[in-house]
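Heads up, model20.pdb below (PDB, C-alpha atoms, pLDDT in the B column):
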MODEL        1
ATOM      1  CA  MET S   1       0.000   0.000   0.000  1.00 37.00           C
ATOM      2  CA  CYS S   2       1.218   3.505  -0.803  1.00 38.00           C
ATOM      3  CA  LYS S   3       1.873   5.658   2.253  1.00 43.00           C
ATOM      4  CA  ASP S   4       2.167   9.452   2.359  1.00 43.00           C
ATOM      5  CA  ASP S   5       5.952   9.295   2.811  1.00 41.00           C
ATOM      6  CA  GLN S   6       6.192   7.468  -0.520  1.00 44.00           C
ATOM      7  CA  VAL S   7       4.355  10.276  -2.323  1.00 48.00           C
ATOM      8  CA  LYS S   8       5.841  13.398  -0.751  1.00 73.00           C
ATOM      9  CA  ILE S   9       9.318  14.792  -1.310  1.00 84.00           C
ATOM     10  CA  SER S  10      11.142  14.938   2.023  1.00 91.00           C
ATOM     11  CA  THR S  11      12.518  18.139   3.485  1.00 94.00           C
ATOM     12  CA  ARG S  12      16.010  16.655   3.129  1.00 95.00           C
ATOM     13  CA  SER S  13      15.497  16.068  -0.620  1.00 95.00           C
ATOM     14  CA  ASP S  14      13.929  19.480  -1.125  1.00 95.00           C
ATOM     15  CA  TYR S  15      16.833  21.193   0.650  1.00 97.00           C
ATOM     16  CA  ALA S  16      19.403  19.194  -1.342  1.00 97.00           C
ATOM     17  CA  VAL S  17      17.866  20.173  -4.678  1.00 97.00           C
ATOM     18  CA  ARG S  18      17.536  23.801  -3.572  1.00 97.00           C
ATOM     19  CA  ALA S  19      21.190  23.885  -2.471  1.00 97.00           C
ATOM     20  CA  LEU S  20      22.459  22.481  -5.774  1.00 97.00           C
ATOM     21  CA  LEU S  21      20.206  24.818  -7.735  1.00 97.00           C
ATOM     22  CA  SER S  22      21.725  27.717  -5.768  1.00 96.00           C
ATOM     23  CA  LEU S  23      25.241  26.477  -6.580  1.00 95.00           C
ATOM     24  CA  ALA S  24      24.394  26.246 -10.276  1.00 95.00           C
ATOM     25  CA  LEU S  25      22.704  29.653 -10.344  1.00 93.00           C
ATOM     26  CA  HIS S  26      25.708  31.412  -8.821  1.00 91.00           C
ATOM     27  CA  GLN S  27      28.606  29.582 -10.455  1.00 85.00           C
ATOM     28  CA  ALA S  28      29.051  30.868 -13.984  1.00 80.00           C
ATOM     29  CA  ASP S  29      31.154  27.851 -14.996  1.00 83.00           C
ATOM     30  CA  TRP S  30      30.972  24.667 -12.936  1.00 81.00           C
ATOM     31  CA  LYS S  31      34.549  23.780 -13.940  1.00 82.00           C
ATOM     32  CA  THR S  32      36.303  26.994 -12.941  1.00 85.00           C
ATOM     33  CA  SER S  33      34.092  28.893 -10.480  1.00 86.00           C
ATOM     34  CA  ARG S  34      35.323  29.493  -6.972  1.00 91.00           C
ATOM     35  CA  PRO S  35      33.800  27.230  -4.327  1.00 93.00           C
ATOM     36  CA  THR S  36      30.667  28.458  -2.579  1.00 94.00           C
ATOM     37  CA  SER S  37      30.595  28.230   1.213  1.00 95.00           C
ATOM     38  CA  VAL S  38      27.792  26.526   3.087  1.00 96.00           C
ATOM     39  CA  LYS S  39      27.167  29.866   4.801  1.00 95.00           C
ATOM     40  CA  GLU S  40      26.621  31.579   1.419  1.00 95.00           C
ATOM     41  CA  ILE S  41      24.253  28.848   0.255  1.00 96.00           C
ATOM     42  CA  ALA S  42      22.342  28.994   3.548  1.00 97.00           C
ATOM     43  CA  GLU S  43      22.003  32.779   3.331  1.00 96.00           C
ATOM     44  CA  ARG S  44      20.801  32.704  -0.294  1.00 95.00           C
ATOM     45  CA  THR S  45      18.325  29.878   0.194  1.00 95.00           C
ATOM     46  CA  GLY S  46      17.177  30.509   3.748  1.00 96.00           C
ATOM     47  CA  LEU S  47      18.058  26.927   4.678  1.00 96.00           C
ATOM     48  CA  PRO S  48      19.489  26.078   8.116  1.00 96.00           C
ATOM     49  CA  GLN S  49      23.288  25.906   7.856  1.00 96.00           C
ATOM     50  CA  PRO S  50      23.921  22.906  10.174  1.00 94.00           C
ATOM     51  CA  TYR S  51      21.368  20.748   8.315  1.00 95.00           C
ATOM     52  CA  LEU S  52      22.678  21.987   4.969  1.00 97.00           C
ATOM     53  CA  GLU S  53      26.205  20.868   5.926  1.00 95.00           C
ATOM     54  CA  GLN S  54      24.931  17.316   6.525  1.00 95.00           C
ATOM     55  CA  ILE S  55      23.033  17.307   3.239  1.00 97.00           C
ATOM     56  CA  LEU S  56      26.004  18.555   1.232  1.00 97.00           C
ATOM     57  CA  LEU S  57      28.206  15.858   2.755  1.00 96.00           C
ATOM     58  CA  ALA S  58      25.732  13.223   1.517  1.00 96.00           C
ATOM     59  CA  VAL S  59      25.661  14.817  -1.947  1.00 97.00           C
ATOM     60  CA  LYS S  60      29.466  14.925  -1.911  1.00 97.00           C
ATOM     61  CA  GLY S  61      29.547  11.232  -1.018  1.00 96.00           C
ATOM     62  CA  ALA S  62      27.509  10.551  -4.150  1.00 96.00           C
ATOM     63  CA  GLY S  63      30.062  12.457  -6.249  1.00 97.00           C
ATOM     64  CA  ILE S  64      27.718  15.267  -7.295  1.00 97.00           C
ATOM     65  CA  VAL S  65      29.724  18.006  -5.572  1.00 96.00           C
ATOM     66  CA  ARG S  66      33.310  18.343  -4.383  1.00 95.00           C
ATOM     67  CA  SER S  67      34.543  20.412  -1.495  1.00 94.00           C
ATOM     68  CA  LYS S  68      37.551  22.529  -0.688  1.00 93.00           C
ATOM     69  CA  ARG S  69      38.528  23.224   2.909  1.00 92.00           C
ATOM     70  CA  GLY S  70      39.884  26.375   4.471  1.00 89.00           C
ATOM     71  CA  ILE S  71      39.744  30.023   3.518  1.00 88.00           C
ATOM     72  CA  GLY S  72      37.961  30.402   0.207  1.00 86.00           C
ATOM     73  CA  GLY S  73      36.636  26.873   0.561  1.00 90.00           C
ATOM     74  CA  GLY S  74      33.209  25.509  -0.081  1.00 94.00           C
ATOM     75  CA  TYR S  75      31.430  23.411  -2.674  1.00 95.00           C
ATOM     76  CA  ASN S  76      31.435  23.105  -6.465  1.00 94.00           C
ATOM     77  CA  LEU S  77      29.485  20.875  -8.799  1.00 96.00           C
ATOM     78  CA  THR S  78      31.498  17.965 -10.209  1.00 95.00           C
ATOM     79  CA  ARG S  79      29.760  18.020 -13.581  1.00 95.00           C
ATOM     80  CA  SER S  80      27.539  20.136 -15.755  1.00 95.00           C
ATOM     81  CA  PRO S  81      24.152  21.068 -14.244  1.00 96.00           C
ATOM     82  CA  ASP S  82      22.618  19.532 -17.388  1.00 96.00           C
ATOM     83  CA  GLU S  83      23.950  16.145 -16.271  1.00 96.00           C
ATOM     84  CA  ILE S  84      22.635  16.291 -12.692  1.00 97.00           C
ATOM     85  CA  THR S  85      19.077  15.013 -12.357  1.00 97.00           C
ATOM     86  CA  VAL S  86      16.734  15.706  -9.487  1.00 96.00           C
ATOM     87  CA  ALA S  87      16.437  11.913  -9.088  1.00 95.00           C
ATOM     88  CA  SER S  88      20.210  11.589  -8.589  1.00 96.00           C
ATOM     89  CA  ILE S  89      20.160  14.264  -5.884  1.00 97.00           C
ATOM     90  CA  ILE S  90      17.257  12.616  -4.075  1.00 95.00           C
ATOM     91  CA  ALA S  91      18.998   9.241  -4.328  1.00 94.00           C
ATOM     92  CA  ALA S  92      22.131  10.801  -2.799  1.00 96.00           C
ATOM     93  CA  VAL S  93      20.311  11.960   0.327  1.00 95.00           C
ATOM     94  CA  GLU S  94      17.503   9.384   0.620  1.00 91.00           C
ATOM     95  CA  GLY S  95      18.625   6.288  -1.245  1.00 85.00           C
ATOM     96  CA  PRO S  96      17.322   5.010  -4.575  1.00 78.00           C
ATOM     97  CA  LEU S  97      13.799   5.834  -5.697  1.00 73.00           C
ATOM     98  CA  VAL S  98      11.765   2.660  -5.502  1.00 69.00           C
ATOM     99  CA  THR S  99       8.310   1.729  -6.656  1.00 63.00           C
ATOM    100  CA  PRO S 100       6.095   0.738  -3.720  1.00 60.00           C
ATOM    101  CA  LEU S 101       5.125  -2.905  -4.000  1.00 62.00           C
ATOM    102  CA  GLY S 102       2.748  -4.017  -1.301  1.00 59.00           C
ATOM    103  CA  LYS S 103       1.287  -7.433  -0.766  1.00 60.00           C
ATOM    104  CA  HIS S 104      -1.859  -8.041  -2.780  1.00 58.00           C
ATOM    105  CA  ASP S 105      -4.528  -8.781  -0.225  1.00 61.00           C
ATOM    106  CA  HIS S 106      -7.356  -9.173  -2.744  1.00 62.00           C
ATOM    107  CA  CYS S 107      -9.655  -7.023  -0.655  1.00 64.00           C
ATOM    108  CA  GLU S 108     -12.335  -5.079  -2.463  1.00 65.00           C
ATOM    109  CA  GLY S 109     -10.580  -3.228  -5.291  1.00 64.00           C
ATOM    110  CA  HIS S 110      -7.174  -3.243  -3.632  1.00 65.00           C
ATOM    111  CA  CYS S 111      -5.349  -4.913  -6.557  1.00 75.00           C
ATOM    112  CA  VAL S 112      -6.689  -2.358  -9.029  1.00 80.00           C
ATOM    113  CA  LEU S 113      -5.915   0.523  -6.696  1.00 80.00           C
ATOM    114  CA  GLN S 114      -2.403  -0.788  -6.114  1.00 81.00           C
ATOM    115  CA  GLU S 115      -1.819  -0.682  -9.883  1.00 82.00           C
ATOM    116  CA  VAL S 116      -2.693   3.033  -9.781  1.00 84.00           C
ATOM    117  CA  TRP S 117      -0.243   3.677  -6.909  1.00 81.00           C
ATOM    118  CA  ILE S 118       2.531   1.832  -8.740  1.00 83.00           C
ATOM    119  CA  ALA S 119       1.871   3.730 -11.987  1.00 87.00           C
ATOM    120  CA  ALA S 120       1.902   7.046 -10.090  1.00 85.00           C
ATOM    121  CA  ALA S 121       5.221   6.188  -8.387  1.00 84.00           C
ATOM    122  CA  GLU S 122       6.780   5.148 -11.692  1.00 88.00           C
ATOM    123  CA  GLU S 123       5.606   8.361 -13.381  1.00 90.00           C
ATOM    124  CA  ARG S 124       7.017  10.424 -10.502  1.00 88.00           C
ATOM    125  CA  ARG S 125      10.382   8.646 -10.787  1.00 88.00           C
ATOM    126  CA  SER S 126      10.379   9.164 -14.551  1.00 92.00           C
ATOM    127  CA  ILE S 127       9.785  12.907 -14.149  1.00 92.00           C
ATOM    128  CA  LEU S 128      12.527  13.261 -11.523  1.00 93.00           C
ATOM    129  CA  GLU S 129      14.952  11.372 -13.775  1.00 94.00           C
ATOM    130  CA  ARG S 130      14.239  13.770 -16.662  1.00 95.00           C
ATOM    131  CA  VAL S 131      14.486  17.085 -14.795  1.00 96.00           C
ATOM    132  CA  THR S 132      18.042  18.408 -14.455  1.00 97.00           C
ATOM    133  CA  ILE S 133      19.564  21.191 -12.399  1.00 97.00           C
ATOM    134  CA  GLY S 134      20.463  22.853 -15.727  1.00 95.00           C
ATOM    135  CA  GLU S 135      16.793  22.915 -16.706  1.00 95.00           C
ATOM    136  CA  LEU S 136      15.831  24.346 -13.313  1.00 95.00           C
ATOM    137  CA  VAL S 137      18.492  27.069 -13.727  1.00 95.00           C
ATOM    138  CA  LYS S 138      17.025  28.033 -17.115  1.00 94.00           C
ATOM    139  CA  ARG S 139      13.490  28.040 -15.770  1.00 93.00           C
ATOM    140  CA  THR S 140      14.514  30.095 -12.729  1.00 92.00           C
ATOM    141  CA  ARG S 141      16.287  32.673 -14.872  1.00 89.00           C
ATOM    142  CA  GLN S 142      13.325  32.959 -17.231  1.00 91.00           C
ATOM    143  CA  GLY S 143      11.195  33.870 -14.252  1.00 82.00           C
ATOM    144  CA  HIS S 144      13.889  36.028 -12.653  1.00 63.00           C
ATOM    145  CA  PRO S 145      15.986  37.811 -15.359  1.00 56.00           C
ATOM    146  CA  GLU S 146      18.056  39.679 -12.750  1.00 56.00           C
ATOM    147  CA  LYS S 147      19.655  36.354 -11.702  1.00 50.00           C
ATOM    148  CA  SER S 148      21.113  35.947 -15.214  1.00 47.00           C
ATOM    149  CA  ALA S 149      22.862  39.305 -15.039  1.00 49.00           C
ATOM    150  CA  LYS S 150      24.413  38.579 -11.605  1.00 53.00           C
ATOM    151  CA  ALA S 151      25.774  35.168 -12.624  1.00 49.00           C
ATOM    152  CA  SER S 152      27.552  36.563 -15.706  1.00 44.00           C
TER     153      SER S 152
ENDMDL
END

Can the structure from this file be put into structure tokens for me?
Amino acid sequence: MCKDDQVKISTRSDYAVRALLSLALHQADWKTSRPTSVKEIAERTGLPQPYLEQILLAVKGAGIVRSKRGIGGGYNLTRSPDEITVASIIAAVEGPLVTPLGKHDHCEGHCVLQEVWIAAAEERRSILERVTIGELVKRTRQGHPEKSAKAS
């Protein structure tokens, strides 16, 4: 049976995607931009810095960002924003996206309803695998032209 926690995006996943979107929005070139500190990301996004540090460590462990310590340190993307999917970020902080498969109990309509839940979960996963940070950057800048000028 599909539970609410299988349908909603967790706060941890939401924060991770928001943090990486912030990195991509403010780093003109992911290969050569200076690292962005956790403090800067927290200030720009309004996310709590201690929790953000934990999230970025998980994303780093998945190889999506790299870090530099010390003065001028922080985080950079490890590849183009167009290659980083929302699904990969969620998987980094939550584990792989799975389709909920409950036991068929053959109660009134349950089997048919379970097919709907499975289809919905698969569609959700498919969408998250298609959406990239690069696409979110473009969409954000279309809605907020002033962000394009600052990043240049």

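The shortest atom-to-atom distance to Leu57 (chain S), with only C-alpha atoms taken into account, belongs to S:Val93 out of S:Ala24, S:Ser37, S:Val93, S:Pro81.
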
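Shortest separation to Lys68 (chain S) among S:Ile55, S:Thr85, S:Arg34, S:Ile90 occurs at residue S:Arg34, atoms counted being all atoms listed in the file.
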
(message) Can you spell out as an MDAnalysis selection string the set of residues that the PyMOL selection byres ((chain S and resi 120-133) around 7) selects in the structure I just provided?
(response) chainID S and resid 21 81:87 97 99 116:119 134:137

(request) May I ask which of the residues S:Glu94, S:Gly63, S:Gln114, S:Ser33 is the closest one to Asp14 (chain S), counting all atoms listed in the file? (result) S:Glu94

(request) Pick out the residues sitting within 12 Å of Ser22 (chain S), and hand them over as a PyMOL selection string; count all atoms listed in the file, and ignore anything fewer than 6 positions along from it in its own chain. (result) chain S and resi 15-16+28+36-38+40-47+75-77+81+133-134+136-137+140-141+147+151

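You will find CA of His26 (chain S) at 17.0 Å from CA of Leu52 (chain S).
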
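If you measure from each of S:Leu25, S:Lys138, S:Gly70, S:Ala58 to Ser88 (chain S) using all atoms listed in the file, the closest one turns out to be S:Ala58.
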
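Note that CA of Val65 (chain S) and CA of Gly95 (chain S) are 16.7 Å apart.
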
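Between CA of Arg18 (chain S) and CA of Pro96 (chain S) lies a distance of 18.8 Å.
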